[in-house]
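Q: Below you'll find model_19.pdb; it's PDB, C-alpha atoms (C1' of nucleotides).
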ATOM      1  CA  MET S   1     -27.359   2.511  17.075  1.00  0.00           C
ATOM      2  CA  GLU S   2     -27.922   1.970  13.396  1.00  0.00           C
ATOM      3  CA  ASN S   3     -25.041   0.088  11.908  1.00  0.00           C
ATOM      4  CA  LYS S   4     -23.878   2.294   9.043  1.00  0.00           C
ATOM      5  CA  SER S   5     -20.801   0.267   8.215  1.00  0.00           C
ATOM      6  CA  LEU S   6     -22.839  -2.890   7.780  1.00  0.00           C
ATOM      7  CA  GLU S   7     -25.322  -0.919   5.694  1.00  0.00           C
ATOM      8  CA  VAL S   8     -22.541   0.109   3.303  1.00  0.00           C
ATOM      9  CA  TYR S   9     -21.358  -3.493   3.171  1.00  0.00           C
ATOM     10  CA  LYS S  10     -24.802  -4.696   2.187  1.00  0.00           C
ATOM     11  CA  LEU S  11     -25.124  -2.030  -0.505  1.00  0.00           C
ATOM     12  CA  LEU S  12     -21.799  -2.972  -2.031  1.00  0.00           C
ATOM     13  CA  HIS S  13     -22.468  -6.681  -1.793  1.00  0.00           C
ATOM     14  CA  LYS S  14     -25.849  -6.291  -3.422  1.00  0.00           C
ATOM     15  CA  SER S  15     -24.355  -4.284  -6.299  1.00  0.00           C
ATOM     16  CA  PHE S  16     -21.142  -6.198  -6.925  1.00  0.00           C
ATOM     17  CA  GLY S  17     -21.813  -9.676  -5.496  1.00  0.00           C
ATOM     18  CA  GLN S  18     -19.319 -12.019  -3.899  1.00  0.00           C
ATOM     19  CA  GLN S  19     -15.742 -11.012  -4.764  1.00  0.00           C
ATOM     20  CA  HIS S  20     -13.978 -14.353  -4.241  1.00  0.00           C
ATOM     21  CA  TRP S  21     -10.748 -12.834  -3.014  1.00  0.00           C
ATOM     22  CA  TRP S  22      -7.956 -15.026  -1.803  1.00  0.00           C
ATOM     23  CA  PRO S  23      -7.846 -17.367  -0.051  1.00  0.00           C
ATOM     24  CA  MET S  24     -11.598 -18.013  -0.064  1.00  0.00           C
ATOM     25  CA  GLY S  25     -11.853 -17.698  -3.822  1.00  0.00           C
ATOM     26  CA  GLY S  26     -13.305 -19.942  -6.430  1.00  0.00           C
ATOM     27  CA  GLY S  27     -10.843 -21.137  -9.055  1.00  0.00           C
ATOM     28  CA  PHE S  28      -7.351 -20.122  -8.058  1.00  0.00           C
ATOM     29  CA  ARG S  29      -6.514 -20.585  -4.394  1.00  0.00           C
ATOM     30  CA  PRO S  30      -2.997 -19.409  -3.707  1.00  0.00           C
ATOM     31  CA  ARG S  31      -1.147 -20.906  -0.788  1.00  0.00           C
ATOM     32  CA  GLU S  32      -0.988 -18.815   2.352  1.00  0.00           C
ATOM     33  CA  TRP S  33       2.663 -18.057   1.770  1.00  0.00           C
ATOM     34  CA  GLU S  34       1.928 -16.409  -1.554  1.00  0.00           C
ATOM     35  CA  VAL S  35      -0.791 -14.345   0.117  1.00  0.00           C
ATOM     36  CA  CYS S  36       1.835 -12.976   2.529  1.00  0.00           C
ATOM     37  CA  VAL S  37       4.227 -12.219  -0.326  1.00  0.00           C
ATOM     38  CA  GLY S  38       1.437 -10.513  -2.256  1.00  0.00           C
ATOM     39  CA  ALA S  39       0.576  -8.372   0.766  1.00  0.00           C
ATOM     40  CA  ILE S  40       4.137  -7.035   0.838  1.00  0.00           C
ATOM     41  CA  LEU S  41       4.501  -6.641  -2.913  1.00  0.00           C
ATOM     42  CA  THR S  42       1.262  -4.700  -3.262  1.00  0.00           C
ATOM     43  CA  GLN S  43       2.433  -1.879  -1.017  1.00  0.00           C
ATOM     44  CA  ASN S  44       1.648   1.294  -2.968  1.00  0.00           C
ATOM     45  CA  THR S  45       1.513  -0.785  -6.136  1.00  0.00           C
ATOM     46  CA  ALA S  46      -1.150  -1.841  -8.634  1.00  0.00           C
ATOM     47  CA  TRP S  47      -2.114  -5.505  -8.277  1.00  0.00           C
ATOM     48  CA  THR S  48      -1.492  -6.187 -11.994  1.00  0.00           C
ATOM     49  CA  ASN S  49       2.190  -5.436 -11.377  1.00  0.00           C
ATOM     50  CA  VAL S  50       2.207  -7.670  -8.307  1.00  0.00           C
ATOM     51  CA  GLU S  51       0.862 -10.557 -10.417  1.00  0.00           C
ATOM     52  CA  LYS S  52       3.809 -10.233 -12.777  1.00  0.00           C
ATOM     53  CA  ALA S  53       6.231 -10.367  -9.857  1.00  0.00           C
ATOM     54  CA  LEU S  54       4.450 -13.407  -8.360  1.00  0.00           C
ATOM     55  CA  ALA S  55       4.590 -15.143 -11.737  1.00  0.00           C
ATOM     56  CA  ASN S  56       8.358 -14.551 -11.869  1.00  0.00           C
ATOM     57  CA  LEU S  57       8.771 -16.019  -8.394  1.00  0.00           C
ATOM     58  CA  ARG S  58       6.802 -19.116  -9.429  1.00  0.00           C
ATOM     59  CA  LYS S  59       8.822 -19.399 -12.630  1.00  0.00           C
ATOM     60  CA  HIS S  60      12.039 -19.457 -10.604  1.00  0.00           C
ATOM     61  CA  LYS S  61      10.435 -21.772  -8.032  1.00  0.00           C
ATOM     62  CA  VAL S  62      10.948 -19.264  -5.211  1.00  0.00           C
ATOM     63  CA  VAL S  63       7.641 -20.226  -3.625  1.00  0.00           C
ATOM     64  CA  THR S  64       8.515 -20.856   0.020  1.00  0.00           C
ATOM     65  CA  ALA S  65      10.035 -18.861   2.868  1.00  0.00           C
ATOM     66  CA  GLU S  66      13.051 -21.171   2.788  1.00  0.00           C
ATOM     67  CA  LYS S  67      13.621 -20.588  -0.934  1.00  0.00           C
ATOM     68  CA  MET S  68      13.302 -16.866  -0.424  1.00  0.00           C
ATOM     69  CA  LEU S  69      16.061 -16.911   2.170  1.00  0.00           C
ATOM     70  CA  GLN S  70      18.242 -19.068  -0.048  1.00  0.00           C
ATOM     71  CA  ALA S  71      17.946 -16.637  -2.950  1.00  0.00           C
ATOM     72  CA  LYS S  72      20.343 -13.713  -3.203  1.00  0.00           C
ATOM     73  CA  THR S  73      18.720 -10.378  -2.477  1.00  0.00           C
ATOM     74  CA  ASN S  74      19.769  -9.079  -5.897  1.00  0.00           C
ATOM     75  CA  ASP S  75      18.239 -12.067  -7.695  1.00  0.00           C
ATOM     76  CA  LEU S  76      15.067 -11.697  -5.667  1.00  0.00           C
ATOM     77  CA  ALA S  77      14.950  -8.003  -6.574  1.00  0.00           C
ATOM     78  CA  ILE S  78      15.151  -8.806 -10.291  1.00  0.00           C
ATOM     79  CA  MET S  79      12.314 -11.331  -9.995  1.00  0.00           C
ATOM     80  CA  ILE S  80       9.996  -8.879  -8.264  1.00  0.00           C
ATOM     81  CA  LYS S  81      11.035  -5.883 -10.345  1.00  0.00           C
ATOM     82  CA  PRO S  82       7.622  -5.392 -12.023  1.00  0.00           C
ATOM     83  CA  SER S  83       6.065  -4.635  -8.632  1.00  0.00           C
ATOM     84  CA  GLY S  84       8.265  -1.569  -8.154  1.00  0.00           C
ATOM     85  CA  TYR S  85      10.419  -0.564  -5.157  1.00  0.00           C
ATOM     86  CA  TYR S  86      12.141  -3.861  -5.852  1.00  0.00           C
ATOM     87  CA  ASN S  87      15.308  -3.350  -3.788  1.00  0.00           C
ATOM     88  CA  GLN S  88      13.300  -2.332  -0.758  1.00  0.00           C
ATOM     89  CA  LYS S  89      10.756  -5.109  -1.179  1.00  0.00           C
ATOM     90  CA  ALA S  90      13.408  -7.792  -1.727  1.00  0.00           C
ATOM     91  CA  ALA S  91      14.962  -6.900   1.623  1.00  0.00           C
ATOM     92  CA  ARG S  92      11.514  -6.830   3.254  1.00  0.00           C
ATOM     93  CA  LEU S  93      10.605 -10.247   1.867  1.00  0.00           C
ATOM     94  CA  ARG S  94      13.800 -11.762   3.223  1.00  0.00           C
ATOM     95  CA  GLY S  95      13.323 -10.134   6.614  1.00  0.00           C
ATOM     96  CA  PHE S  96       9.746 -11.362   6.740  1.00  0.00           C
ATOM     97  CA  SER S  97      10.803 -14.887   5.690  1.00  0.00           C
ATOM     98  CA  GLU S  98      13.320 -14.949   8.500  1.00  0.00           C
ATOM     99  CA  TYR S  99      10.679 -13.869  10.978  1.00  0.00           C
ATOM    100  CA  VAL S 100       8.174 -16.470   9.770  1.00  0.00           C
ATOM    101  CA  LEU S 101      10.703 -19.281   9.987  1.00  0.00           C
ATOM    102  CA  SER S 102      11.610 -18.233  13.539  1.00  0.00           C
ATOM    103  CA  PHE S 103       8.253 -19.832  14.416  1.00  0.00           C
ATOM    104  CA  GLY S 104       9.585 -23.150  13.114  1.00  0.00           C
ATOM    105  CA  SER S 105       7.426 -23.323   9.986  1.00  0.00           C
ATOM    106  CA  VAL S 106       4.996 -21.265   7.945  1.00  0.00           C
ATOM    107  CA  GLN S 107       2.106 -23.300   9.360  1.00  0.00           C
ATOM    108  CA  LYS S 108       3.175 -22.490  12.928  1.00  0.00           C
ATOM    109  CA  PHE S 109       3.474 -18.828  11.990  1.00  0.00           C
ATOM    110  CA  LEU S 110      -0.013 -18.820  10.481  1.00  0.00           C
ATOM    111  CA  LYS S 111      -1.422 -20.341  13.637  1.00  0.00           C
ATOM    112  CA  ASN S 112       0.456 -18.234  16.186  1.00  0.00           C
ATOM    113  CA  ALA S 113       1.082 -14.893  14.448  1.00  0.00           C
ATOM    114  CA  GLY S 114       0.163 -11.792  16.419  1.00  0.00           C
ATOM    115  CA  ARG S 115      -0.276  -8.229  15.217  1.00  0.00           C
ATOM    116  CA  HIS S 116       1.940  -6.624  17.850  1.00  0.00           C
ATOM    117  CA  ASP S 117       5.002  -8.678  16.954  1.00  0.00           C
ATOM    118  CA  LEU S 118       4.304  -8.619  13.234  1.00  0.00           C
ATOM    119  CA  LEU S 119       4.451  -4.821  13.309  1.00  0.00           C
ATOM    120  CA  LYS S 120       8.007  -5.002  14.642  1.00  0.00           C
ATOM    121  CA  VAL S 121       9.170  -6.649  11.412  1.00  0.00           C
ATOM    122  CA  LYS S 122      10.787  -4.081   9.143  1.00  0.00           C
ATOM    123  CA  GLY S 123       8.555  -3.297   6.180  1.00  0.00           C
ATOM    124  CA  ILE S 124       5.389  -4.624   7.794  1.00  0.00           C
ATOM    125  CA  GLY S 125       3.094  -1.719   8.623  1.00  0.00           C
ATOM    126  CA  PRO S 126      -0.510  -1.800   9.861  1.00  0.00           C
ATOM    127  CA  GLU S 127      -2.160  -2.521   6.525  1.00  0.00           C
ATOM    128  CA  THR S 128       0.287  -5.236   5.496  1.00  0.00           C
ATOM    129  CA  ALA S 129       0.080  -6.851   8.936  1.00  0.00           C
ATOM    130  CA  ASP S 130      -3.712  -6.880   8.888  1.00  0.00           C
ATOM    131  CA  SER S 131      -3.786  -8.191   5.304  1.00  0.00           C
ATOM    132  CA  ILE S 132      -1.540 -11.075   6.312  1.00  0.00           C
ATOM    133  CA  LEU S 133      -3.528 -11.782   9.480  1.00  0.00           C
ATOM    134  CA  LEU S 134      -6.842 -11.680   7.629  1.00  0.00           C
ATOM    135  CA  TYR S 135      -6.114 -13.269   4.271  1.00  0.00           C
ATOM    136  CA  ALA S 136      -3.323 -15.701   5.181  1.00  0.00           C
ATOM    137  CA  CYS S 137      -3.963 -16.504   8.850  1.00  0.00           C
ATOM    138  CA  GLY S 138      -7.751 -16.252   8.619  1.00  0.00           C
ATOM    139  CA  LYS S 139      -7.982 -14.029  11.693  1.00  0.00           C
ATOM    140  CA  PRO S 140     -10.614 -11.263  11.901  1.00  0.00           C
ATOM    141  CA  HIS S 141      -8.526  -8.109  11.427  1.00  0.00           C
ATOM    142  CA  PHE S 142     -10.177  -5.343   9.415  1.00  0.00           C
ATOM    143  CA  VAL S 143      -7.868  -4.050   6.660  1.00  0.00           C
ATOM    144  CA  VAL S 144      -7.860  -0.269   6.234  1.00  0.00           C
ATOM    145  CA  ASP S 145      -6.370   0.916   2.973  1.00  0.00           C
ATOM    146  CA  ALA S 146      -6.271   4.245   1.157  1.00  0.00           C
ATOM    147  CA  TYR S 147      -9.619   3.490  -0.525  1.00  0.00           C
ATOM    148  CA  THR S 148     -11.292   2.748   2.810  1.00  0.00           C
ATOM    149  CA  LYS S 149     -10.074   6.052   4.224  1.00  0.00           C
ATOM    150  CA  ARG S 150     -11.228   8.094   1.210  1.00  0.00           C
ATOM    151  CA  ILE S 151     -14.600   6.414   0.738  1.00  0.00           C
ATOM    152  CA  PHE S 152     -15.656   6.432   4.370  1.00  0.00           C
ATOM    153  CA  ALA S 153     -14.427   9.966   4.931  1.00  0.00           C
ATOM    154  CA  ARG S 154     -16.432  11.048   1.894  1.00  0.00           C
ATOM    155  CA  VAL S 155     -19.649   9.425   3.056  1.00  0.00           C
ATOM    156  CA  GLY S 156     -19.037  11.015   6.449  1.00  0.00           C
ATOM    157  CA  LEU S 157     -18.586   7.911   8.579  1.00  0.00           C
ATOM    158  CA  VAL S 158     -14.983   8.643   9.581  1.00  0.00           C
ATOM    159  CA  LYS S 159     -13.082  11.893   9.981  1.00  0.00           C
ATOM    160  CA  ASN S 160     -10.929  13.168   7.109  1.00  0.00           C
ATOM    161  CA  ASN S 161      -7.814  13.097   9.221  1.00  0.00           C
ATOM    162  CA  ALA S 162      -8.594   9.850  11.036  1.00  0.00           C
ATOM    163  CA  GLY S 163      -5.629   7.558  11.526  1.00  0.00           C
ATOM    164  CA  TYR S 164      -5.388   3.847  10.729  1.00  0.00           C
ATOM    165  CA  ASP S 165      -6.185   2.559  14.201  1.00  0.00           C
ATOM    166  CA  GLU S 166      -9.122   4.904  14.608  1.00  0.00           C
ATOM    167  CA  ILE S 167     -10.698   3.773  11.336  1.00  0.00           C
ATOM    168  CA  GLN S 168     -10.082   0.122  12.087  1.00  0.00           C
ATOM    169  CA  LYS S 169     -11.671   0.520  15.487  1.00  0.00           C
ATOM    170  CA  PHE S 170     -14.746   2.078  13.853  1.00  0.00           C
ATOM    171  CA  PHE S 171     -15.352  -1.044  11.777  1.00  0.00           C
ATOM    172  CA  GLU S 172     -14.409  -3.600  14.404  1.00  0.00           C
ATOM    173  CA  LYS S 173     -16.609  -1.887  16.986  1.00  0.00           C
ATOM    174  CA  ASN S 174     -19.648  -1.699  14.722  1.00  0.00           C
ATOM    175  CA  MET S 175     -19.518  -5.150  13.187  1.00  0.00           C
ATOM    176  CA  LYS S 176     -19.086  -8.631  14.531  1.00  0.00           C
ATOM    177  CA  LYS S 177     -15.523  -9.906  14.410  1.00  0.00           C
ATOM    178  CA  ASP S 178     -15.946 -12.159  11.415  1.00  0.00           C
ATOM    179  CA  GLU S 179     -13.082 -13.140   9.177  1.00  0.00           C
ATOM    180  CA  LYS S 180     -15.296 -13.826   6.159  1.00  0.00           C
ATOM    181  CA  LEU S 181     -17.142 -10.513   6.557  1.00  0.00           C
ATOM    182  CA  TYR S 182     -13.899  -8.517   6.803  1.00  0.00           C
ATOM    183  CA  ASN S 183     -12.423 -10.409   3.864  1.00  0.00           C
ATOM    184  CA  GLU S 184     -15.396  -9.677   1.664  1.00  0.00           C
ATOM    185  CA  PHE S 185     -15.847  -6.080   2.811  1.00  0.00           C
ATOM    186  CA  HIS S 186     -12.296  -5.094   1.992  1.00  0.00           C
ATOM    187  CA  ALA S 187     -12.555  -6.774  -1.421  1.00  0.00           C
ATOM    188  CA  LEU S 188     -15.814  -4.896  -2.113  1.00  0.00           C
ATOM    189  CA  ILE S 189     -14.211  -1.570  -1.188  1.00  0.00           C
ATOM    190  CA  VAL S 190     -11.400  -2.211  -3.654  1.00  0.00           C
ATOM    191  CA  GLU S 191     -13.944  -3.225  -6.305  1.00  0.00           C
ATOM    192  CA  LEU S 192     -15.874   0.009  -5.762  1.00  0.00           C
ATOM    193  CA  ALA S 193     -12.689   2.018  -6.126  1.00  0.00           C
ATOM    194  CA  LYS S 194     -11.773   0.202  -9.341  1.00  0.00           C
ATOM    195  CA  ARG S 195     -15.175   0.764 -10.897  1.00  0.00           C
ATOM    196  CA  HIS S 196     -15.636   4.264  -9.618  1.00  0.00           C
ATOM    197  CA  CYS S 197     -12.400   6.135 -10.081  1.00  0.00           C
ATOM    198  CA  LYS S 198     -11.755   9.639 -11.381  1.00  0.00           C
ATOM    199  CA  LYS S 199     -11.561   8.444 -14.974  1.00  0.00           C
ATOM    200  CA  LYS S 200     -14.774   6.420 -14.970  1.00  0.00           C
ATOM    201  CA  PRO S 201     -17.153   7.619 -12.262  1.00  0.00           C
ATOM    202  CA  LEU S 202     -20.207   5.447 -11.768  1.00  0.00           C
ATOM    203  CA  CYS S 203     -22.322   8.484 -10.905  1.00  0.00           C
ATOM    204  CA  LYS S 204     -25.926   7.326 -11.276  1.00  0.00           C
ATOM    205  CA  SER S 205     -25.201   3.665 -10.638  1.00  0.00           C
ATOM    206  CA  CYS S 206     -22.908   4.177  -7.659  1.00  0.00           C
ATOM    207  CA  PRO S 207     -24.143   2.018  -4.765  1.00  0.00           C
ATOM    208  CA  LEU S 208     -23.369   4.882  -2.400  1.00  0.00           C
ATOM    209  CA  GLU S 209     -25.556   7.229  -4.443  1.00  0.00           C
ATOM    210  CA  GLY S 210     -22.671   9.292  -5.721  1.00  0.00           C
ATOM    211  CA  LYS S 211     -21.575  10.364  -2.269  1.00  0.00           C
ATOM    212  CA  CYS S 212     -18.143   8.970  -2.945  1.00  0.00           C
ATOM    213  CA  ALA S 213     -17.956  10.530  -6.422  1.00  0.00           C
ATOM    214  CA  LYS S 214     -15.110  12.539  -7.935  1.00  0.00           C
ATOM    215  CA  ARG S 215     -12.071  10.712  -6.736  1.00  0.00           C
ATOM    216  CA  ILE S 216     -11.962   7.696  -4.527  1.00  0.00           C
TER
ATOM    217  C1'  DG F   1       4.571  12.745 -20.499  1.00  0.00           C
ATOM    218  C1'  DG F   2       2.118  12.982 -16.221  1.00  0.00           C
ATOM    219  C1'  DC F   3      -0.575  10.653 -12.903  1.00  0.00           C
ATOM    220  C1'  DC F   4      -1.640   6.908 -10.048  1.00  0.00           C
ATOM    221  C1'  DA F   5      -1.578   2.313  -7.831  1.00  0.00           C
ATOM    222  C1'  DG F   6      -4.695  -2.495  -2.073  1.00  0.00           C
ATOM    223  C1'  DG F   7       2.542   1.598   2.111  1.00  0.00           C
ATOM    224  C1'  DA F   8       6.317   1.936   5.068  1.00  0.00           C
ATOM    225  C1'  DC F   9      10.196   4.133   6.885  1.00  0.00           C
ATOM    226  C1'  DA F  10      13.874   7.541   7.853  1.00  0.00           C
ATOM    227  C1'  DC F  11      14.640  12.013   8.943  1.00  0.00           C
ATOM    228  C1'  DC F  12      13.654  16.494  10.723  1.00  0.00           C
ATOM    229  C1'  DA F  13      11.660  20.305  13.412  1.00  0.00           C
TER
ATOM    230  C1'  DT D   1       3.685  14.055  16.984  1.00  0.00           C
ATOM    231  C1'  DG D   2       3.228  15.456  12.408  1.00  0.00           C
ATOM    232  C1'  DG D   3       5.037  16.670   7.895  1.00  0.00           C
ATOM    233  C1'  DT D   4       8.067  15.502   3.992  1.00  0.00           C
ATOM    234  C1'  DG D   5      11.174  12.886   0.950  1.00  0.00           C
ATOM    235  C1'  DT D   6      12.304   8.363  -0.826  1.00  0.00           C
ATOM    236  C1'  DC D   7      11.671   4.027  -2.848  1.00  0.00           C
ATOM    237  C1'  DA D   8      10.201   2.526  -8.812  1.00  0.00           C
ATOM    238  C1'  DT D   9       7.548  -0.113 -12.166  1.00  0.00           C
ATOM    239  C1'  DG D  10       3.747  -0.370 -15.580  1.00  0.00           C
ATOM    240  C1'  DG D  11      -0.902   0.954 -17.401  1.00  0.00           C
ATOM    241  C1'  DC D  12      -3.705   4.481 -19.070  1.00  0.00           C
TER
END
Any chance you could put this one into structure tokens?

A:
Amino acid sequence: MENKSLEVYKLLHKSFGQQHWWPMGGGFRPREWEVCVGAILTQNTAWTNVEKALANLRKHKVVTAEKMLQAKTNDLAIMIKPSGYYNQKAARLRGFSEYVLSFGSVQKFLKNAGRHDLLKVKGIGPETADSILLYACGKPHFVVDAYTKRIFARVGLVKNNAGYDEIQKFFEKNMKKDEKLYNEFHALIVELAKRHCKKKPLCKSCPLEGKCAKRI
DNA sequence: GGCCAGGACACCA
DNA sequence: TGGTGTCATGGC
């Protein structure tokens, strides 16, 4: 069978080039812990707002799971306020920190984390879990976000009403389980969505030949 | 001033 | 099991 998902990957990669997303990236390589925090803070939130929240956490030196548990939930909420849903996310960050430290250390968590148990942590859904497993733990879990659903439904590779697991299975079945490939693919999908949104459609220069036009 | 952004969860029928 | 409301800031 012709591998359509890989074909889309190649088209995007050819058009946009290497994305250098964390933690593989070029200049700035955040520590794995910050990748986990970013995955939680970016829930339904623009990344520019997440960066402001991360900068506040660095400014107050709340840069480890231990520090996050030591901080008061209210103080944590104020630090992450720019990322929105701050009360909810402050509680989620503390709950996640507690879970991570139950492994003994962040390094042990990164090595031994499993999707099934991660999903039991309050505030960690499928996308956040897979983002953490892929970008922090370096394990080959394909991340399915809202862009992935819209784009691949539009080009006709997944059903409009397909659920998270179904879409993830589509990619993981059709491509080799490769952490670097999944990392780059997800980054390219986000890049396509950024460049080709309702306000500034790429139209003629869209790598998917306009099939994903209108709104991604 | 409205819409949207790299979701998840509680609640209800 | 699926649909709906809620959480909330900042950029355009």

Q: Might you pull out every residue within 12 Å of range 8-10 of chain F, with all atoms listed in the file counted and same-chain residues fewer than 4 positions away left off, and present them as number ranges by chain?

A: S: 40-44, 85, 88-89, 92, 119-129; D: 4-7

Q: Could you list as a ChimeraX atom specification every residue that has an atom within 10 Å of (-12.7, -16.0, 16.5), using the file's coordinates and counting only C-alpha atoms (C1' of nucleotides)?

A: /S:138-140,176-179

Q: Residues picked by the PyMOL selection byres ((chain S) within 8 of (chain D)) here, as a list in words?

A: Asn49, Lys81, Pro82, Ser83, Gly84, Tyr85, Tyr86 and Gln88 of chain S

Q: I'd like a table as CSV: residues in chain F with an atom no more than 12 Å from chain S, each row giving the shortest atom pair and its distance in Å to one decimal, all atoms listed in the file counted, sorted by chain and rising residue number.

A:
residue,atom,partner,partner_atom,distance
F:DC3,C1',S:Lys198,CA,11.3
F:DC4,C1',S:Ala46,CA,8.9
F:DA5,C1',S:Ala46,CA,4.3
F:DG6,C1',S:Asp145,CA,6.3
F:DG7,C1',S:Gln43,CA,4.7
F:DA8,C1',S:Gly123,CA,5.8
F:DC9,C1',S:Gly123,CA,7.6
